[in-house]
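Chemist: Structure file input-v3.cif (mmCIF, C-alpha atoms) right here:
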data_work
loop_
_atom_site.label_atom_id
_atom_site.label_comp_id
_atom_site.auth_asym_id
_atom_site.auth_seq_id
_atom_site.Cartn_x
_atom_site.Cartn_y
_atom_site.Cartn_z
CA MET A 1 27.30 -4.83 36.72
CA PRO A 2 23.55 -5.35 36.30
CA GLY A 3 21.76 -2.42 34.76
CA SER A 4 24.94 -0.74 33.56
CA PRO A 5 24.94 0.67 30.01
CA ALA A 6 28.39 -0.83 29.50
CA ALA A 7 27.07 -4.31 30.15
CA HIS A 8 24.42 -3.96 27.46
CA VAL A 9 25.74 -1.49 24.90
CA ILE A 10 29.55 -1.67 24.88
CA LEU A 11 29.66 -5.41 25.47
CA SER A 12 27.13 -6.11 22.70
CA ASP A 13 29.17 -4.00 20.27
CA ALA A 14 32.36 -5.80 21.23
CA ILE A 15 30.76 -9.20 20.69
CA ALA A 16 29.40 -8.11 17.31
CA ARG A 17 32.90 -7.01 16.24
CA LYS A 18 34.53 -10.26 17.37
CA GLU A 19 31.96 -12.56 15.78
CA PRO A 20 32.65 -13.61 12.19
CA PRO A 21 30.07 -12.18 9.74
CA LYS A 22 27.20 -14.52 9.09
CA PRO A 23 26.16 -15.08 5.48
CA ALA A 24 22.83 -13.46 4.71
CA LYS A 25 20.00 -15.89 4.00
CA ALA A 26 17.86 -13.33 2.20
CA GLY A 27 17.70 -14.08 -1.49
CA SER A 28 19.35 -17.50 -1.17
CA VAL A 29 16.13 -19.21 -2.23
CA LEU A 30 14.65 -17.62 -5.32
CA ARG A 31 10.94 -17.00 -5.30
CA PRO A 32 9.18 -18.99 -8.03
CA ALA A 33 7.84 -16.99 -10.94
CA ALA A 34 4.20 -15.93 -10.64
CA GLN A 35 1.91 -18.43 -12.37
CA ARG A 36 -1.16 -16.20 -12.65
CA ARG A 37 0.50 -12.88 -13.55
CA VAL A 38 2.62 -11.69 -16.43
CA ALA A 39 5.94 -9.97 -15.84
CA LEU A 40 5.86 -6.22 -15.45
CA ASP A 41 7.66 -5.81 -18.79
CA ALA A 42 4.78 -7.62 -20.52
CA LEU A 43 2.29 -4.87 -19.66
CA PRO A 44 1.42 -2.38 -22.41
CA PRO A 45 3.91 0.54 -22.63
CA ALA A 46 1.25 3.08 -21.64
CA TRP A 47 0.45 1.10 -18.50
CA ARG A 48 4.12 0.86 -17.50
CA ALA A 49 4.60 4.56 -18.17
CA LYS A 50 1.66 5.47 -15.93
CA LEU A 51 2.91 3.22 -13.10
CA THR A 52 6.36 4.80 -13.40
CA ALA A 53 4.83 8.28 -13.33
CA TRP A 54 2.93 7.38 -10.17
CA ARG A 55 6.04 6.02 -8.47
CA THR A 56 8.16 9.03 -9.36
CA GLY A 57 5.41 11.60 -8.78
CA PHE A 58 5.67 13.10 -12.28
CA VAL A 59 1.96 13.55 -12.92
CA ALA A 60 -0.30 16.39 -13.96
CA LEU A 61 -1.12 18.99 -11.33
CA HIS A 62 -4.76 17.89 -11.16
CA GLU A 63 -3.87 14.20 -10.73
CA ALA A 64 -3.39 12.77 -7.24
CA VAL A 65 -0.57 10.28 -6.74
CA PRO A 66 -1.77 7.09 -5.01
CA ALA A 67 0.01 5.77 -1.94
CA PRO A 68 2.89 3.32 -2.59
CA SER A 69 0.84 0.42 -1.21
CA VAL A 70 -2.00 1.25 -3.62
CA ILE A 71 0.42 1.42 -6.56
CA ASP A 72 1.86 -1.99 -5.63
CA ASN A 73 -1.64 -3.46 -5.37
CA THR A 74 -2.67 -1.91 -8.70
CA GLU A 75 0.41 -3.32 -10.41
CA ASP A 76 -0.34 -6.84 -9.16
CA ILE A 77 -3.94 -6.59 -10.36
CA LEU A 78 -2.88 -5.27 -13.77
CA ARG A 79 -0.40 -8.10 -14.23
CA GLU A 80 -3.09 -10.65 -13.34
CA TYR A 81 -5.60 -8.91 -15.59
CA ALA A 82 -3.16 -8.94 -18.51
CA LYS A 83 -2.44 -12.65 -17.99
CA VAL A 84 -6.14 -13.49 -18.20
CA GLN A 85 -6.60 -11.48 -21.41
CA ILE A 86 -3.53 -13.00 -23.06
CA ASP A 87 -4.64 -16.54 -22.17
CA ALA A 88 -8.05 -15.79 -23.68
CA GLY A 89 -6.52 -14.35 -26.85
CA ALA A 90 -8.12 -10.97 -26.16
CA PRO A 91 -6.41 -7.57 -26.42
CA VAL A 92 -4.82 -6.27 -23.22
CA ALA A 93 -7.10 -3.30 -22.60
CA ILE A 94 -9.39 -2.30 -19.75
CA THR A 95 -12.91 -3.28 -20.83
CA ILE A 96 -15.99 -4.56 -19.07
CA GLU A 97 -15.57 -7.90 -20.90
CA GLY A 98 -11.99 -8.09 -19.62
CA VAL A 99 -13.15 -7.47 -16.06
CA ARG A 100 -15.65 -10.31 -16.38
CA ARG A 101 -12.94 -12.63 -17.71
CA MET A 102 -10.71 -11.88 -14.72
CA GLU A 103 -13.55 -12.47 -12.25
CA ALA A 104 -14.41 -15.77 -13.94
CA SER A 105 -10.75 -16.78 -13.80
CA ARG A 106 -10.57 -16.00 -10.08
CA THR A 107 -13.73 -17.97 -9.37
CA ALA A 108 -12.44 -20.98 -11.29
CA HIS A 109 -9.09 -20.85 -9.52
CA ALA A 110 -10.71 -20.50 -6.07
CA LYS A 111 -12.68 -23.68 -6.64
CA THR A 112 -9.45 -25.64 -7.09
CA ARG A 113 -8.25 -24.71 -3.60
CA GLN A 114 -8.08 -27.75 -1.34
CA ALA A 115 -6.84 -26.34 1.98
CA PRO A 116 -9.69 -24.90 4.09
CA ALA A 117 -7.57 -21.88 5.02
CA TYR A 118 -7.43 -20.86 1.35
CA THR A 119 -11.05 -21.47 0.43
CA SER A 120 -12.31 -18.68 -1.84
CA GLN A 121 -8.98 -16.87 -1.60
CA GLY A 122 -8.87 -14.15 -4.24
CA ASP A 123 -12.57 -14.48 -4.96
CA ARG A 124 -14.12 -13.03 -1.83
CA PRO A 125 -16.49 -10.06 -2.28
CA ALA A 126 -14.05 -7.57 -0.76
CA THR A 127 -11.21 -8.82 -2.98
CA ARG A 128 -13.36 -8.67 -6.12
CA HIS A 129 -14.49 -5.16 -5.25
CA THR A 130 -10.91 -3.97 -4.66
CA ALA A 131 -9.72 -5.43 -7.98
CA VAL A 132 -12.50 -3.76 -9.98
CA MET A 133 -11.98 -0.47 -8.15
CA ARG A 134 -8.24 -0.49 -8.91
CA LEU A 135 -8.91 -1.24 -12.59
CA ARG A 136 -11.44 1.58 -12.77
CA GLN A 137 -9.08 4.02 -11.06
CA PHE A 138 -6.22 3.06 -13.38
CA GLY A 139 -8.46 3.30 -16.44
CA ASP A 140 -9.53 6.76 -15.31
CA ALA A 141 -5.86 7.79 -14.96
CA LEU A 142 -5.14 6.43 -18.44
CA GLY A 143 -8.08 8.38 -19.87
CA ILE A 144 -10.05 5.49 -21.39
CA ASP A 145 -13.49 6.24 -22.80
CA ARG A 146 -16.14 7.42 -20.36
CA LEU A 147 -18.77 4.83 -21.29
CA THR A 148 -16.42 2.00 -20.34
CA LEU A 149 -15.51 3.76 -17.11
CA GLU A 150 -19.16 4.25 -16.17
CA ALA A 151 -19.95 0.61 -16.91
CA ILE A 152 -17.07 -0.54 -14.69
CA ARG A 153 -18.13 1.94 -12.00
CA THR A 154 -21.67 0.52 -12.06
CA HIS A 155 -20.26 -2.98 -11.60
CA GLU A 156 -18.01 -1.70 -8.80
CA ASN A 157 -21.02 -0.21 -7.00
CA ALA A 158 -22.88 -3.51 -7.31
CA LEU A 159 -19.92 -5.34 -5.77
CA ARG A 160 -19.81 -2.77 -2.97
CA ALA A 161 -23.48 -3.46 -2.26
CA ASP A 162 -22.68 -7.20 -2.05
CA LEU A 163 -20.22 -6.46 0.75
CA GLN A 164 -23.13 -5.72 3.07
CA SER A 165 -24.28 -9.34 2.89
CA VAL A 166 -20.92 -10.85 3.87
CA VAL A 167 -19.15 -10.79 7.22
CA PRO A 168 -15.49 -9.90 6.53
CA LEU A 169 -12.90 -12.31 7.87
CA LYS A 170 -11.41 -9.66 10.15
CA PHE A 171 -14.75 -9.18 11.91
CA GLY A 172 -14.82 -12.88 12.74
CA ARG A 173 -11.37 -12.50 14.26
CA TYR A 174 -12.49 -9.35 16.07
CA GLU A 175 -15.19 -11.33 17.85
CA GLN A 176 -12.49 -13.58 19.33
CA LEU A 177 -10.24 -10.77 20.60
CA PRO A 178 -9.68 -10.27 24.33
CA ASP A 179 -11.47 -7.16 25.53
CA LEU A 180 -9.67 -3.87 26.15
CA LYS A 181 -9.00 -4.60 29.82
CA GLU A 182 -7.61 -8.06 29.10
CA THR A 183 -5.42 -6.68 26.33
CA TRP A 184 -3.97 -4.01 28.61
CA GLN A 185 -3.38 -6.57 31.35
CA LEU A 186 -1.59 -8.81 28.83
CA ALA A 187 0.77 -5.98 27.85
CA HIS A 188 1.62 -5.32 31.51
CA ALA A 189 2.08 -9.03 32.17
CA LEU A 190 4.63 -9.26 29.35
CA LEU A 191 6.42 -6.21 30.75
CA GLU A 192 6.59 -7.80 34.20
CA GLN A 193 7.83 -11.10 32.77
CA SER A 194 10.65 -9.29 30.99
CA ALA A 195 11.95 -8.03 34.35
CA GLU A 196 12.03 -11.56 35.76
CA VAL A 197 13.73 -13.53 32.99
CA LYS A 198 17.52 -13.85 33.00
CA ARG A 199 18.14 -14.72 29.36
CA ARG A 200 18.70 -11.46 27.49
CA PRO A 201 17.18 -12.46 24.09
CA THR A 202 13.98 -13.49 25.87
CA LYS A 203 13.97 -10.26 27.88
CA ILE A 204 14.28 -8.12 24.74
CA ARG A 205 11.57 -10.12 22.95
CA LEU A 206 9.13 -9.68 25.84
CA LEU A 207 9.86 -5.94 26.02
CA ASN A 208 9.21 -5.53 22.30
CA GLU A 209 6.01 -7.57 22.42
CA ALA A 210 4.68 -5.65 25.42
CA PHE A 211 5.38 -2.36 23.61
CA CYS A 212 3.70 -3.52 20.39
CA ILE A 213 0.51 -4.66 22.12
CA ALA A 214 0.20 -1.55 24.29
CA PHE A 215 1.24 0.99 21.63
CA TRP A 216 -0.88 -0.42 18.79
CA MET A 217 -3.84 -0.75 21.14
CA LEU A 218 -3.91 3.05 21.58
CA ILE A 219 -2.22 4.19 18.34
CA PRO A 220 -3.10 1.66 15.62
CA LEU A 221 -0.51 2.50 12.97
CA ARG A 222 -0.36 0.82 9.60
CA LEU A 223 2.61 -1.52 9.39
CA GLY A 224 4.19 0.80 6.82
CA ASP A 225 4.29 3.49 9.50
CA GLY A 226 5.49 1.21 12.29
CA GLN A 227 9.25 1.52 11.69
CA LEU A 228 9.57 4.06 14.49
CA ILE A 229 12.86 5.91 14.95
CA TRP A 230 14.07 7.55 18.16
CA GLY A 231 14.48 11.29 17.79
CA GLU A 232 12.56 11.33 14.53
CA ASP A 233 9.20 9.67 15.22
CA ILE A 234 9.34 9.46 19.02
CA TRP A 235 11.31 11.68 21.40
CA TYR A 236 11.25 12.99 24.97
CA ASP A 237 10.63 16.73 25.43
CA GLY A 238 11.64 16.87 29.09
CA ASP A 239 8.14 16.23 30.36
CA CYS A 240 6.64 13.47 28.22
CA TYR A 241 7.17 11.42 25.08
CA ARG A 242 5.90 12.89 21.82
CA ILE A 243 5.13 11.35 18.45
CA ASP A 244 5.31 12.91 14.99
CA ILE A 245 4.65 10.68 11.96
CA THR A 246 3.56 11.49 8.43
CA THR A 247 1.56 8.43 7.48
CA THR A 248 2.40 6.67 4.23
CA LYS A 249 -1.09 6.04 2.88
CA GLU A 250 -2.75 9.41 3.27
CA ASP A 251 0.26 11.66 4.02
CA GLU A 252 -1.71 12.65 7.10
CA PRO A 253 0.34 13.83 10.12
CA LEU A 254 -0.06 12.00 13.39
CA ARG A 255 1.52 14.09 16.11
CA GLY A 256 1.12 14.97 19.76
CA ARG A 257 2.13 13.73 23.18
CA LEU A 258 1.88 10.08 24.09
CA HIS A 259 -0.43 9.16 26.93
CA LYS A 260 1.27 8.75 30.30
CA ARG A 261 0.07 5.16 30.50
CA LEU A 262 2.29 4.31 27.55
CA GLU A 263 5.42 5.68 29.23
CA PRO A 264 6.40 2.43 31.04
CA PHE A 265 6.42 0.60 27.71
CA VAL A 266 8.34 3.34 25.88
CA ASP A 267 10.83 3.54 28.76
CA ALA A 268 11.28 -0.22 28.64
CA VAL A 269 12.20 -0.43 24.93
CA LEU A 270 14.56 2.52 25.43
CA LEU A 271 16.27 1.03 28.50
CA ARG A 272 16.42 -2.52 27.04
CA GLY A 273 16.96 -4.05 30.48
CA MET A 274 19.08 -1.26 31.99
CA ASN A 275 18.36 0.43 35.29
CA VAL A 276 15.75 3.20 35.17
CA ASP A 277 18.39 5.66 36.48
CA HIS A 278 19.92 5.69 32.99
CA LEU A 279 16.86 7.31 31.39
CA ALA A 280 18.26 10.79 31.93
CA HIS A 281 21.27 9.78 29.83
CA LEU A 282 19.38 7.79 27.21
CA HIS A 283 16.74 10.43 26.42
CA PRO A 284 19.16 12.86 24.73
CA LEU A 285 21.30 10.01 23.38
CA SER A 286 18.32 8.42 21.61
CA GLN A 287 17.57 11.70 19.82
CA THR A 288 21.07 12.05 18.47
CA GLU A 289 21.65 8.41 17.49
CA GLN A 290 18.18 7.98 15.89
CA VAL A 291 18.13 4.18 16.09
CA PRO A 292 14.97 2.06 15.60
CA VAL A 293 12.60 1.83 18.54
CA LEU A 294 12.07 -1.91 18.00
CA ARG A 295 15.40 -3.75 17.94
CA ASP A 296 16.56 -7.30 18.48
CA VAL A 297 19.14 -8.32 21.08
CA SER A 298 22.01 -7.27 18.80
CA GLY A 299 20.54 -3.81 18.25
CA LYS A 300 19.34 -4.46 14.71
CA GLY A 301 15.96 -2.97 13.77
CA LEU A 302 13.07 -5.43 13.49
CA ALA A 303 11.03 -6.04 10.35
CA ASP A 304 7.96 -4.02 9.35
CA GLY A 305 5.71 -6.95 10.16
CA TYR A 306 7.00 -7.51 13.70
CA PRO A 307 4.10 -5.71 15.47
CA SER A 308 1.66 -7.96 13.62
CA SER A 309 3.71 -11.02 14.58
CA ALA A 310 3.57 -9.95 18.23
CA TRP A 311 -0.20 -9.46 18.07
CA ARG A 312 -0.67 -12.75 16.26
CA ARG A 313 1.36 -14.57 18.90
CA HIS A 314 -0.73 -13.27 21.79
CA MET A 315 -4.02 -12.13 20.25
CA GLY A 316 -4.59 -14.65 17.47
CA THR A 317 -4.60 -12.07 14.66
CA GLY A 318 -2.40 -9.31 13.25
CA ALA A 319 -2.06 -5.77 14.55
CA HIS A 320 -4.36 -4.44 11.79
CA ILE A 321 -7.29 -5.56 13.94
CA ALA A 322 -6.44 -2.69 16.30
CA ARG A 323 -7.77 -0.26 13.70
CA THR A 324 -11.08 -2.13 13.65
CA ARG A 325 -11.20 -1.96 17.43
CA ILE A 326 -10.56 1.81 17.53
CA HIS A 327 -13.36 2.51 15.05
CA THR A 328 -15.73 0.13 16.78
CA GLU A 329 -15.15 1.30 20.34
CA LEU A 330 -14.99 5.03 19.63
CA GLY A 331 -17.78 4.83 17.05
CA GLN A 332 -20.18 3.99 19.86
CA LEU A 333 -19.63 7.51 21.25
CA GLY A 334 -21.29 9.12 18.25
CA PRO A 335 -19.91 11.73 15.80
CA GLU A 336 -17.23 12.88 18.25
CA GLY A 337 -16.00 9.31 18.63
CA VAL A 338 -15.90 8.85 14.87
CA GLU A 339 -13.77 11.98 14.54
CA MET A 340 -11.40 10.74 17.24
CA ALA A 341 -11.09 7.34 15.54
CA LEU A 342 -10.32 8.95 12.18
CA ALA A 343 -7.66 11.12 13.82
CA LEU A 344 -6.03 8.19 15.65
CA THR A 345 -5.95 6.08 12.49
CA ALA A 346 -4.77 9.03 10.35
CA GLN A 347 -7.64 8.89 7.88
CA ARG A 348 -9.40 11.67 6.02
CA ASP A 349 -12.59 10.06 4.75
CA ALA A 350 -15.36 9.33 7.25
CA ARG A 351 -16.55 6.56 4.91
CA SER A 352 -13.48 4.58 6.00
CA GLN A 353 -15.09 4.01 9.38
CA PHE A 354 -17.59 1.58 7.83
CA ALA A 355 -14.75 -0.57 6.50
CA TYR A 356 -13.45 -1.08 10.05
CA GLN A 357 -16.41 -1.04 12.41
CA ALA A 358 -17.41 -4.51 13.53
CA ALA A 359 -20.68 -6.08 14.61
CA GLN A 360 -20.41 -4.71 18.16
CA PHE A 361 -20.90 -1.18 16.82
CA GLU A 362 -24.11 -2.17 15.02
CA ARG A 363 -25.39 -3.95 18.09
CA ALA A 364 -24.60 -0.93 20.27
CA GLN A 365 -26.43 1.36 17.85
CA ARG A 366 -29.44 -0.96 17.80
CA ALA A 367 -29.44 -1.14 21.58
CA LYS A 368 -29.23 2.64 21.80
CA GLY A 369 -32.15 2.98 19.39
CA GLN A 370 -34.14 0.40 21.31
CA SER A 371 -33.58 2.23 24.59
CA MET A 372 -34.78 5.46 22.99
CA ILE A 373 -37.94 3.71 21.78
CA ASP A 374 -38.45 2.24 25.24
CA GLY A 375 -38.18 5.73 26.69
CA LEU A 376 -40.75 7.08 24.26
CA LEU A 377 -43.14 4.23 25.00
CA ALA A 378 -42.72 4.81 28.74
CA GLU A 379 -43.64 8.47 28.26
CA VAL A 380 -46.71 7.50 26.23
CA PHE A 381 -47.98 4.91 28.68
CA ASP A 382 -47.17 7.04 31.73
CA ALA A 383 -49.10 9.88 30.17
#
Represent the structure contained in this file as structure tokens.
Modeler:
Amino acid sequence: MPGSPAAHVILSDAIARKEPPKPAKAGSVLRPAAQRRVALDALPPAWRAKLTAWRTGFVALHEAVPAPSVIDNTEDILREYAKVQIDAGAPVAITIEGVRRMEASRTAHAKTRQAPAYTSQGDRPATRHTAVMRLRQFGDALGIDRLTLEAIRTHENALRADLQSVVPLKFGRYEQLPDLKETWQLAHALLEQSAEVKRRPTKIRLLNEAFCIAFWMLIPLRLGDGQLIWGEDIWYDGDCYRIDITTTKEDEPLRGRLHKRLEPFVDAVLLRGMNVDHLAHLHPLSQTEQVPVLRDVSGKGLADGYPSSAWRRHMGTGAHIARTRIHTELGQLGPEGVEMALALTAQRDARSQFAYQAAQFERAQRAKGQSMIDGLLAEVFDA
């Protein structure tokens, strides 16, 4: 019964019940202990207390709680920072001398890297700037003396200035991306291939990959926001699909109707190979069951990093590059385009655009300026 829900839903459930449970592989191989960081318990009590307060949200009314990803990053940097100070026999405290020790340690370690792919890893300008910024932010939250904070802030600003002289790795990858038309054609090609293949695991994989490329091309979510749930994050209102997500990093809402051009891809991951006539039944069912949008052949939700894996398979780099593309393409439209890009990427600060815009934006701005100058010169000479 091709296209029947029973053939795909009931049969899959029956097979899952009959199959013996497979032992989980997760955790079977223990991750080696970090060599360049101390354990969390080795951090000073005040540091651990502040991290705990951030994670639980028990902070003063005037203090903003960082996003979970920022807290994780700060913890890693603090553990590395403490390791460097302990190895040097220095007190574990945030000081400008301690910051210099950590930077020197990173530089020395980067020079020992042999594989070309890891050259300068951990010692690139952007990484150094992020580490110093996190230390300064944490020191500010701890309430360390203002002179030390200002000295670290001055160093942070100098590192930020150095960023202008270096082409970030993601911009190099951006240069190699297929253009917007080719990307859209790729997504449709994957969708068409899924209808032709007979093997169900391959069909489901192609459907998921087509959805990830098309969806992230127009709505470049962070991976932490990409675990979409039917009926909660995406639903059908009788006329079109709608999205409603509170983003993890900025707590900014991202809501509204999805563009009609995305509907074939959303329909496909909802149908999972069934006949399109079943959409009328699946629309209300998806809202009540609230299962993940991206699922494997057994119905299990896919990992957070799956959209990036799909982009890497077909585009050569992870899905994060879609945010760079949005800022670059829309940024060429001027202030209105910048506002649209910030809205699509769920960001508050317009300064964030400069962290994403690639070389094409600068070239477009230069070309626009040159054309304006040409117009002025033409007026002068014609006069």
Chemist: Tell me, as a ChimeraX atom specification, which residues lie within 10 Å of Leu270 of chain A, counting only C-alpha atoms; anything in the same chain fewer than 6 positions away does not count.
Modeler: /A:207,230,264,276,278-279,282-283,286,292-295
Chemist: Can you tell me how far atom CA of Leu43 of chain A sits from atom CA of Ala88 of chain A, in Å to one decimal?
Modeler: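 Those two atoms sit 15.6 Å apart.
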Chemist: So which one's closest to Asp225 of chain A, A:Cys240, A:Ala303, A:Ala158, A:Leu262? Using all atoms listed in the file, please.
Modeler: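 That would be A:Ala303, the residue with the smallest distance to Asp225 of chain A.
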Chemist: Given the file shown, determine the residues that the PyMOL selection byres ((chain A and resi 126-135) around 8) selects; report them as a PyMOL selection string.
Modeler: chain A and resi 74+77-78+94+99+103+122-125+136-139+152-153+155-156+159-160+163+168
Chemist: Kindly give the distance, in Å, that separates atom CA of Arg36 of chain A and atom CA of Glu80 of chain A, rounded to a single decimal.
Modeler: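 Result for atom CA of Arg36 of chain A versus atom CA of Glu80 of chain A: 5.9 Å, one decimal.
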Chemist: Using Å and a single decimal, report how far atom CA of Leu191 of chain A sits from atom CA of Lys300 of chain A.
Modeler: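 Value for the atom CA of Lys300 of chain A-atom CA of Leu191 of chain A distance: 20.7 Å.
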Chemist: Calculated over all atoms listed in the file, which of the candidates A:Thr56, A:Val38, A:Ala187, A:His281 has the smallest distance to Leu218 of chain A?
Modeler: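 Checking each of A:Thr56, A:Val38, A:Ala187, A:His281 against Leu218 of chain A, counting all atoms listed in the file, the winner is A:Ala187.
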Chemist: Which residues, named as in the file, does the PyMOL selection byres ((chain A and resi 233) around 6) pick out? Answer as a list in words.
Modeler: Leu228, Ile229, Glu232, Ile234, Ile243, Asp244 and Ile245 of chain A
Chemist: Please determine, counting all atoms listed in the file, which residue among A:Asn73, A:Ser309, A:Thr246, A:Asn208 has the shortest atom-to-atom distance to Asp296 of chain A.
Modeler: A:Asn208
Chemist: Could you expand the PyMOL selection byres ((chain A and resi 205) around 10) into the explicit residues it covers here, written as a list in words?
Modeler: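 Against this file, the PyMOL selection byres ((chain A and resi 205) around 10) returns the residues Leu190, Ser194, Arg200, Pro201, Thr202, Lys203, Ile204, Leu206, Leu207, Asn208, Glu209, Ala210, Phe211, Val269, Arg272, Leu294, Arg295, Asp296, Val297 and Ala310 of chain A.
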Chemist: Point out the residue among A:Ile144, A:Asp87, A:Glu150, A:Ala214 with the least atom-to-atom distance to His188 of chain A, counting only C-alpha atoms.
Modeler: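 Result for the nearest residue to His188 of chain A: A:Ala214.
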